[in-house]
Structure formats: C-alpha cells, structure tokens
$ cat upload.txt   # compact mmCIF, C-alpha atoms and all ligand atoms
# COMPACT_ATOMS: atom_id res chain seq x y z
CA MET G 20 97.60 125.50 140.98
CA GLN G 21 96.67 121.90 140.19
CA ARG G 22 94.20 121.99 143.11
CA LEU G 23 92.62 125.18 141.77
CA MET G 24 92.28 123.74 138.27
CA GLU G 25 90.66 120.59 139.59
CA GLY G 26 88.30 122.67 141.67
CA VAL G 27 87.30 124.77 138.66
CA HIS G 28 86.64 121.61 136.67
CA ARG G 29 84.60 120.04 139.49
CA PHE G 30 82.53 123.24 139.80
CA ARG G 31 81.91 123.56 136.05
CA THR G 32 80.90 119.93 135.61
CA GLY G 33 79.06 119.46 138.89
CA GLU G 34 77.82 122.15 141.22
CA PHE G 35 77.39 124.81 138.53
CA GLY G 36 74.27 122.96 137.40
CA ASN G 37 72.55 124.10 140.60
CA TYR G 38 73.50 127.72 139.92
CA ARG G 39 73.05 127.94 136.15
CA LYS G 40 69.70 129.78 136.30
CA LEU G 41 70.83 132.11 139.06
CA PHE G 42 74.04 133.13 137.29
CA ARG G 43 72.10 133.72 134.04
CA LYS G 44 69.55 135.88 135.87
CA LEU G 45 72.32 137.84 137.64
CA SER G 46 74.18 138.38 134.36
CA GLN G 47 71.03 139.73 132.72
CA GLU G 48 69.62 141.79 135.56
CA GLY G 49 72.87 142.89 137.20
CA GLN G 50 73.76 142.56 140.84
CA ASN G 51 71.62 143.80 143.68
CA PRO G 52 73.40 142.66 146.84
CA HIS G 53 71.63 143.41 150.13
CA THR G 54 74.78 143.65 152.27
CA LEU G 55 78.27 145.07 152.18
CA PHE G 56 80.28 142.46 154.09
CA ILE G 57 83.71 143.64 155.26
CA THR G 58 85.89 140.93 156.68
CA CYS G 59 89.49 139.77 156.90
CA SER G 60 91.47 138.33 154.00
CA ASP G 61 92.17 135.37 156.27
CA SER G 62 91.63 132.13 154.32
CA ARG G 63 89.56 130.67 157.16
CA VAL G 64 86.87 133.37 157.10
CA LEU G 65 84.50 132.74 154.20
CA ALA G 66 81.68 135.27 154.14
CA GLU G 67 79.39 133.29 151.84
CA LEU G 68 79.97 129.99 153.62
CA ILE G 69 79.32 131.19 157.16
CA THR G 70 76.21 133.13 156.16
CA GLN G 71 75.06 130.55 153.58
CA SER G 72 74.69 133.32 151.02
CA GLN G 73 74.08 132.87 147.32
CA PRO G 74 75.79 134.57 144.36
CA GLY G 75 74.43 138.12 144.18
CA ASP G 76 73.73 138.38 147.93
CA LEU G 77 76.89 139.92 149.38
CA PHE G 78 79.23 142.67 148.18
CA VAL G 79 82.38 141.48 149.92
CA VAL G 80 85.46 143.42 150.90
CA LYS G 81 88.28 141.33 152.29
CA ASN G 82 91.31 143.17 153.57
CA ILE G 83 94.01 142.53 156.12
CA GLY G 84 92.40 142.73 159.54
CA ASN G 85 89.02 143.92 158.17
CA ILE G 86 90.20 147.46 158.89
CA VAL G 87 87.83 150.27 157.90
CA PRO G 88 89.75 153.53 157.47
CA THR G 89 88.01 156.86 157.97
CA ALA G 90 86.81 158.71 154.88
CA ALA G 91 89.65 161.17 155.47
CA ALA G 92 92.27 158.45 154.87
CA ARG G 93 92.99 159.24 151.22
CA GLY G 94 95.94 157.88 149.29
CA ASP G 95 96.18 155.60 146.32
CA THR G 96 95.61 152.35 148.17
CA ASN G 97 92.30 152.94 149.89
CA SER G 98 90.25 150.40 147.97
CA THR G 99 88.16 149.70 151.07
CA ALA G 100 86.91 153.29 151.15
CA ALA G 101 86.12 153.06 147.41
CA ALA G 102 84.12 149.86 148.00
CA ILE G 103 82.18 151.47 150.86
CA GLU G 104 81.24 154.46 148.68
CA PHE G 105 80.21 152.24 145.77
CA ALA G 106 78.19 149.80 147.89
CA VAL G 107 76.39 152.53 149.81
CA GLU G 108 75.75 155.06 147.04
CA ASP G 109 75.46 152.94 143.87
CA LEU G 110 74.47 149.44 144.97
CA ARG G 111 72.45 150.92 147.84
CA VAL G 112 72.97 147.96 150.14
CA SER G 113 70.65 147.98 153.15
CA ASP G 114 73.20 146.58 155.59
CA ILE G 115 76.92 146.76 156.31
CA VAL G 116 78.56 144.02 158.35
CA ILE G 117 82.11 144.34 159.66
CA CYS G 118 83.20 140.86 160.70
CA GLY G 119 86.37 140.36 162.73
CA HIS G 120 87.63 136.95 163.79
CA SER G 121 89.66 134.96 166.29
CA GLN G 122 93.32 134.09 165.63
CA CYS G 123 93.63 137.18 163.41
CA GLY G 124 97.22 137.66 162.29
CA ALA G 125 96.62 141.37 161.74
CA MET G 126 95.52 141.82 165.36
CA ALA G 127 98.54 139.80 166.54
CA ALA G 128 100.83 142.03 164.46
CA LEU G 129 99.10 145.15 165.73
CA LEU G 130 99.65 144.14 169.36
CA ALA G 131 103.15 142.72 168.91
CA GLU G 132 104.57 146.19 168.22
CA LYS G 133 107.59 144.85 166.38
CA PRO G 134 109.67 147.40 164.46
CA PRO G 135 108.20 147.87 160.96
CA ARG G 136 109.81 145.76 158.22
CA ALA G 137 111.41 147.80 155.43
CA SER G 138 110.22 145.32 152.80
CA THR G 139 106.50 145.73 153.64
CA PRO G 140 105.77 149.49 153.56
CA HIS G 141 102.16 149.01 152.41
CA LEU G 142 101.45 146.45 155.09
CA ASN G 143 103.02 148.65 157.76
CA ASP G 144 100.96 151.67 156.71
CA TRP G 145 97.80 149.59 156.46
CA LEU G 146 98.09 148.12 159.94
CA ASN G 147 98.94 151.55 161.25
CA LEU G 148 95.43 152.67 160.33
CA ALA G 149 94.25 150.56 163.28
CA ALA G 150 96.76 152.05 165.73
CA PRO G 151 93.88 153.55 167.78
CA VAL G 152 92.77 149.96 168.51
CA ARG G 153 96.16 149.28 170.08
CA GLU G 154 95.73 152.41 172.23
CA THR G 155 92.32 151.18 173.37
CA LEU G 156 93.86 147.85 174.37
CA HIS G 157 96.53 149.62 176.42
CA LYS G 158 93.96 151.86 178.06
CA ASN G 159 91.03 149.53 178.73
CA TYR G 160 92.38 145.99 178.68
CA ALA G 161 95.47 146.20 180.90
CA HIS G 162 93.89 143.44 183.03
CA LEU G 163 94.04 140.98 180.11
CA HIS G 164 97.40 139.25 179.94
CA GLU G 165 96.77 136.11 177.93
CA THR G 166 97.78 136.66 174.28
CA GLN G 167 94.71 135.00 172.77
CA ALA G 168 92.36 137.00 174.99
CA ARG G 169 94.13 140.24 174.09
CA GLU G 170 93.99 139.45 170.37
CA ASN G 171 90.29 138.63 170.56
CA ALA G 172 89.65 141.85 172.46
CA ALA G 173 91.59 143.71 169.76
CA ALA G 174 89.51 142.02 167.04
CA GLU G 175 86.30 143.14 168.76
CA GLU G 176 87.58 146.66 169.38
CA ASN G 177 88.73 146.83 165.75
CA VAL G 178 85.19 146.04 164.63
CA LEU G 179 83.85 148.87 166.81
CA PHE G 180 86.59 151.18 165.49
CA GLY G 181 85.48 150.30 161.94
CA LEU G 182 81.81 150.95 162.78
CA ASP G 183 82.78 154.37 164.16
CA ASN G 184 84.81 155.11 161.05
CA LEU G 185 81.90 154.19 158.77
CA HIS G 186 80.12 157.25 160.17
CA SER G 187 82.79 159.45 158.57
CA TYR G 188 81.51 158.65 155.04
CA SER G 189 78.99 161.22 153.84
CA GLY G 190 76.98 158.56 151.97
CA VAL G 191 76.74 156.44 155.12
CA GLN G 192 75.69 159.49 157.16
CA GLU G 193 72.91 160.30 154.71
CA ARG G 194 71.59 156.76 154.50
CA LEU G 195 71.68 156.36 158.29
CA ALA G 196 69.81 159.66 158.65
CA ASP G 197 67.04 158.56 156.29
CA GLY G 198 66.85 155.13 157.93
CA THR G 199 67.76 153.06 154.87
CA LEU G 200 71.05 151.62 156.15
CA ARG G 201 71.94 149.50 159.17
CA LEU G 202 75.41 148.80 160.55
CA HIS G 203 76.43 145.56 162.27
CA GLY G 204 79.57 144.43 164.09
CA TRP G 205 80.30 140.70 164.10
CA PHE G 206 83.00 138.43 165.46
CA PHE G 207 83.67 134.97 164.03
CA LYS G 208 85.24 132.29 166.19
CA ILE G 209 87.15 130.02 163.85
CA ALA G 210 87.39 126.86 165.98
CA THR G 211 83.62 126.52 166.44
CA ALA G 212 82.39 128.66 163.51
CA GLU G 213 80.28 130.64 166.01
CA LEU G 214 79.21 134.18 165.15
CA PHE G 215 78.78 136.92 167.73
CA ALA G 216 77.10 140.27 167.12
CA TYR G 217 77.71 143.55 168.90
CA ASP G 218 74.73 144.69 170.91
CA PRO G 219 74.78 148.49 171.31
CA GLU G 220 72.45 148.21 174.32
CA THR G 221 74.63 145.90 176.43
CA LEU G 222 77.86 147.06 174.74
CA GLN G 223 78.82 143.39 174.41
CA PHE G 224 79.28 140.85 171.66
CA ALA G 225 76.67 138.13 172.13
CA PRO G 226 75.90 134.95 170.16
CA LEU G 227 74.11 135.88 166.94
CA VAL G 228 70.46 134.86 167.06
CA SER G 229 68.38 134.75 163.93
ZN ZN V 301 92.37 138.38 160.20
$ encode --input "upload.txt" --output "structure tokens" --more "lines below"
Ligand SMILES: [Zn+2]
Amino acid sequence: MQRLMEGVHRFRTGEFGNYRKLFRKLSQEGQNPHTLFITCSDSRVLAELITQSQPGDLFVVKNIGNIVPTAAARGDTNSTAAAIEFAVEDLRVSDIVICGHSQCGAMAALLAEKPPRASTPHLNDWLNLAAPVRETLHKNYAHLHETQARENAAAEENVLFGLDNLHSYSGVQERLADGTLRLHGWFFKIATAELFAYDPETLQFAPLVS
C-alpha cells in the first residue's frame, strides 16, 4: 500500500500537471472513448501504455483471460457482457479490440485441465466459458507439443473465439451491419512488447503496422 500511496502523491504533485486541462475537459464534456479495449487482468498488459492512449480514449474491460462470453451467457457475474452493451450502444465506440497475450495464466489453466478447485467456483465457471478454445486446441493443434507454443496458440484462438462471440450481441450486429463498428483481434507478446493483429485475409496474426 505504501507504494500505491507514494505513486498517488507523485502523480498528484508531478505528472498530473500535464493532464490537468484534459481531465477538466473530460469532466465537463463527459467521456467519448473511440475504442472498447478488452484484455486480460494480467498486471503486465497495460492497455493505455502499449497503445499510448490518453485519458478518455479507451473504454477498458480487463478480465481473466480476456474472455468474451456470448450474449446468451446470462447470470449475475457477466460484467463483460454489460460493458460490451454499454460501450456499443451508449458510448458508441467505433472499434472493439480483444487483446490476448503471451504467458497468460488463464490459457495455462485452461489447457492444464486440472480438477476444478472447490474454493474458486467463480473462477472455474469463468474459465469454463472458454472451454471451446480447449477443444480447438485438441482438434487443430495436436502437432504442437511445447507448452509455451500451445498456450500462445490458445491465446490467439481465444481472441478469435471472443470475436465470434461478439457477433452474438444484437447491438454489435446492428452496428456492424450499418458499418459503424470494426472488430480487431490482437496478441501482445510480453517479453518484447510486440503487438500482432489478426488478418482475416491470411487467417494469421501478423505484426501490427500503423
Ligand atoms: Zn492473461
């Protein structure tokens, strides 16, 4: 906590000066983020840092494994679905990015297939939403044996699974139909901070070019 308090103090007395006008403007005019950015809760994946975004730019959802459930996945814990509806229908973002990453603990857990722990029922249920990704790995990636390679493949497939699931939201369907919304699948490599984007033409993730 001491580290957090010191950080808050450093921000208030230092860097905040650079943002004072922007925060005042955003407080008066409200937010108008251009992108819904869905990524993993992992402490090494910082949406604003890796995209050099400013306050007000990104509406960020961080969840375990950047899993996007289908619109049919109801229940009292589906805050990701709520954020998708709000960002698409109220904030009217123009873009949605789902950003998976290397060394993802959620993907490791998904592939490890250990018996579910009784003390983590929410976590078990949450990861189970991505069970189809595990099936895809079994079906299409039997040739991959190395753990890291399998986990990275799972992270990429999980992004594609999330993009598919986005299509199940009626608001997303409407905005895609009228051409006002674009969907993007990204993969972040932690060690080198490289970003890769899914190319629907080559069906591959390729280095992101601006
Ligand atoms: Zn992760």
$ closest_residue --input "upload.txt" --among "G:Ser189, G:Thr221, G:Thr54, G:Ser60" --to "ligand ZN 301 (chain V)" --atoms "only C-alpha atoms and all ligand atoms"
G:Ser60
$ residues_near_ligand --input "upload.txt" --ligand "ligand ZN 301 (chain V)" --cutoff "9 Å" --atoms "all atoms listed in the file" --output "ChimeraX atom specification"
/G:58-64,82-85,119-127,174
$ axis_aligned_box --input "upload.txt" --around "range 198-210 of chain G" --padding-each-side "3 Å" --output "lines of an AutoDock Vina configuration file"
center_x = 77.1
center_y = 141.0
center_z = 160.5
size_x = 26.5
size_y = 34.3
size_z = 17.3
$ closest_residue --input "upload.txt" --among "G:Tyr217, G:Tyr160, G:Phe42, G:Phe30" --to "Trp205 in chain G" --atoms "only C-alpha atoms"
G:Tyr217
$ closest_residue --input "upload.txt" --among "G:Ala66, G:Ala161, G:Leu130, G:Leu77" --to "Ala212 in chain G" --atoms "all atoms listed in the file"
G:Ala66
$ closest_residue --input "upload.txt" --among "G:Val112, G:Ile69, G:Leu41, G:Leu185" --to "Ala90 in chain G" --atoms "all atoms listed in the file"
G:Leu185
$ build_atoms --input "upload.txt" --residues "range 98-123 of chain G" --atoms "N, CA, C and O atoms" --output "PDB file, in the coordinates of the input"
ATOM      1  N   SER G  98      91.307 151.078 148.728  1.00  0.00           N
ATOM      2  CA  SER G  98      90.250 150.400 147.970  1.00  0.00           C
ATOM      3  C   SER G  98      89.058 150.083 148.862  1.00  0.00           C
ATOM      4  O   SER G  98      87.933 149.954 148.383  1.00  0.00           O
ATOM      5  N   THR G  99      89.282 149.982 150.158  1.00  0.00           N
ATOM      6  CA  THR G  99      88.160 149.700 151.070  1.00  0.00           C
ATOM      7  C   THR G  99      87.202 150.888 151.100  1.00  0.00           C
ATOM      8  O   THR G  99      85.979 150.708 151.029  1.00  0.00           O
ATOM      9  N   ALA G 100      87.760 152.102 151.157  1.00  0.00           N
ATOM     10  CA  ALA G 100      86.910 153.290 151.150  1.00  0.00           C
ATOM     11  C   ALA G 100      86.126 153.373 149.827  1.00  0.00           C
ATOM     12  O   ALA G 100      84.943 153.708 149.806  1.00  0.00           O
ATOM     13  N   ALA G 101      86.791 153.044 148.720  1.00  0.00           N
ATOM     14  CA  ALA G 101      86.120 153.060 147.410  1.00  0.00           C
ATOM     15  C   ALA G 101      84.961 152.067 147.403  1.00  0.00           C
ATOM     16  O   ALA G 101      83.866 152.370 146.909  1.00  0.00           O
ATOM     17  N   ALA G 102      85.173 150.887 147.971  1.00  0.00           N
ATOM     18  CA  ALA G 102      84.120 149.860 148.000  1.00  0.00           C
ATOM     19  C   ALA G 102      82.951 150.294 148.869  1.00  0.00           C
ATOM     20  O   ALA G 102      81.785 150.031 148.542  1.00  0.00           O
ATOM     21  N   ILE G 103      83.257 150.979 149.975  1.00  0.00           N
ATOM     22  CA  ILE G 103      82.180 151.470 150.860  1.00  0.00           C
ATOM     23  C   ILE G 103      81.328 152.490 150.105  1.00  0.00           C
ATOM     24  O   ILE G 103      80.097 152.413 150.093  1.00  0.00           O
ATOM     25  N   GLU G 104      81.996 153.436 149.424  1.00  0.00           N
ATOM     26  CA  GLU G 104      81.240 154.460 148.680  1.00  0.00           C
ATOM     27  C   GLU G 104      80.367 153.817 147.603  1.00  0.00           C
ATOM     28  O   GLU G 104      79.191 154.165 147.457  1.00  0.00           O
ATOM     29  N   PHE G 105      80.946 152.880 146.862  1.00  0.00           N
ATOM     30  CA  PHE G 105      80.210 152.240 145.770  1.00  0.00           C
ATOM     31  C   PHE G 105      79.013 151.437 146.298  1.00  0.00           C
ATOM     32  O   PHE G 105      77.895 151.516 145.769  1.00  0.00           O
ATOM     33  N   ALA G 106      79.252 150.665 147.352  1.00  0.00           N
ATOM     34  CA  ALA G 106      78.190 149.800 147.890  1.00  0.00           C
ATOM     35  C   ALA G 106      77.050 150.621 148.483  1.00  0.00           C
ATOM     36  O   ALA G 106      75.876 150.272 148.336  1.00  0.00           O
ATOM     37  N   VAL G 107      77.412 151.729 149.129  1.00  0.00           N
ATOM     38  CA  VAL G 107      76.390 152.530 149.810  1.00  0.00           C
ATOM     39  C   VAL G 107      75.646 153.433 148.836  1.00  0.00           C
ATOM     40  O   VAL G 107      74.419 153.545 148.888  1.00  0.00           O
ATOM     41  N   GLU G 108      76.383 154.044 147.892  1.00  0.00           N
ATOM     42  CA  GLU G 108      75.750 155.060 147.040  1.00  0.00           C
ATOM     43  C   GLU G 108      75.219 154.486 145.725  1.00  0.00           C
ATOM     44  O   GLU G 108      74.211 154.952 145.212  1.00  0.00           O
ATOM     45  N   ASP G 109      75.904 153.472 145.167  1.00  0.00           N
ATOM     46  CA  ASP G 109      75.460 152.940 143.870  1.00  0.00           C
ATOM     47  C   ASP G 109      74.652 151.643 144.027  1.00  0.00           C
ATOM     48  O   ASP G 109      73.571 151.517 143.476  1.00  0.00           O
ATOM     49  N   LEU G 110      75.203 150.693 144.774  1.00  0.00           N
ATOM     50  CA  LEU G 110      74.470 149.440 144.970  1.00  0.00           C
ATOM     51  C   LEU G 110      73.336 149.606 145.977  1.00  0.00           C
ATOM     52  O   LEU G 110      72.399 148.824 146.002  1.00  0.00           O
ATOM     53  N   ARG G 111      73.460 150.619 146.808  1.00  0.00           N
ATOM     54  CA  ARG G 111      72.450 150.920 147.840  1.00  0.00           C
ATOM     55  C   ARG G 111      72.116 149.705 148.701  1.00  0.00           C
ATOM     56  O   ARG G 111      70.947 149.328 148.861  1.00  0.00           O
ATOM     57  N   VAL G 112      73.179 149.075 149.210  1.00  0.00           N
ATOM     58  CA  VAL G 112      72.970 147.960 150.140  1.00  0.00           C
ATOM     59  C   VAL G 112      72.192 148.468 151.349  1.00  0.00           C
ATOM     60  O   VAL G 112      72.270 149.651 151.699  1.00  0.00           O
ATOM     61  N   SER G 113      71.438 147.573 151.978  1.00  0.00           N
ATOM     62  CA  SER G 113      70.650 147.980 153.150  1.00  0.00           C
ATOM     63  C   SER G 113      71.404 147.751 154.451  1.00  0.00           C
ATOM     64  O   SER G 113      71.012 148.267 155.494  1.00  0.00           O
ATOM     65  N   ASP G 114      72.465 146.938 154.377  1.00  0.00           N
ATOM     66  CA  ASP G 114      73.200 146.580 155.590  1.00  0.00           C
ATOM     67  C   ASP G 114      74.702 146.557 155.333  1.00  0.00           C
ATOM     68  O   ASP G 114      75.126 146.190 154.245  1.00  0.00           O
ATOM     69  N   ILE G 115      75.459 146.931 156.356  1.00  0.00           N
ATOM     70  CA  ILE G 115      76.920 146.760 156.310  1.00  0.00           C
ATOM     71  C   ILE G 115      77.318 145.937 157.523  1.00  0.00           C
ATOM     72  O   ILE G 115      76.959 146.270 158.659  1.00  0.00           O
ATOM     73  N   VAL G 116      78.022 144.848 157.269  1.00  0.00           N
ATOM     74  CA  VAL G 116      78.560 144.020 158.350  1.00  0.00           C
ATOM     75  C   VAL G 116      80.079 144.172 158.349  1.00  0.00           C
ATOM     76  O   VAL G 116      80.711 144.045 157.301  1.00  0.00           O
ATOM     77  N   ILE G 117      80.660 144.462 159.506  1.00  0.00           N
ATOM     78  CA  ILE G 117      82.110 144.340 159.660  1.00  0.00           C
ATOM     79  C   ILE G 117      82.331 143.107 160.534  1.00  0.00           C
ATOM     80  O   ILE G 117      81.810 143.020 161.648  1.00  0.00           O
ATOM     81  N   CYS G 118      83.052 142.142 160.002  1.00  0.00           N
ATOM     82  CA  CYS G 118      83.200 140.860 160.700  1.00  0.00           C
ATOM     83  C   CYS G 118      84.668 140.583 161.013  1.00  0.00           C
ATOM     84  O   CYS G 118      85.447 140.265 160.113  1.00  0.00           O
ATOM     85  N   GLY G 119      85.034 140.734 162.281  1.00  0.00           N
ATOM     86  CA  GLY G 119      86.370 140.360 162.730  1.00  0.00           C
ATOM     87  C   GLY G 119      86.401 138.886 163.089  1.00  0.00           C
ATOM     88  O   GLY G 119      85.384 138.205 163.026  1.00  0.00           O
ATOM     89  N   HIS G 120      87.551 138.397 163.487  1.00  0.00           N
ATOM     90  CA  HIS G 120      87.630 136.950 163.790  1.00  0.00           C
ATOM     91  C   HIS G 120      88.727 136.630 164.790  1.00  0.00           C
ATOM     92  O   HIS G 120      89.654 137.433 164.993  1.00  0.00           O
ATOM     93  N   SER G 121      88.641 135.449 165.361  1.00  0.00           N
ATOM     94  CA  SER G 121      89.660 134.960 166.290  1.00  0.00           C
ATOM     95  C   SER G 121      90.927 134.599 165.520  1.00  0.00           C
ATOM     96  O   SER G 121      90.895 134.424 164.305  1.00  0.00           O
ATOM     97  N   GLN G 122      92.025 134.464 166.231  1.00  0.00           N
ATOM     98  CA  GLN G 122      93.320 134.090 165.630  1.00  0.00           C
ATOM     99  C   GLN G 122      93.686 134.977 164.439  1.00  0.00           C
ATOM    100  O   GLN G 122      94.226 134.500 163.435  1.00  0.00           O
ATOM    101  N   CYS G 123      93.361 136.278 164.531  1.00  0.00           N
ATOM    102  CA  CYS G 123      93.630 137.180 163.410  1.00  0.00           C
ATOM    103  C   CYS G 123      95.099 137.630 163.427  1.00  0.00           C
ATOM    104  O   CYS G 123      95.551 138.262 164.387  1.00  0.00           O
TER     105      CYS G 123
END
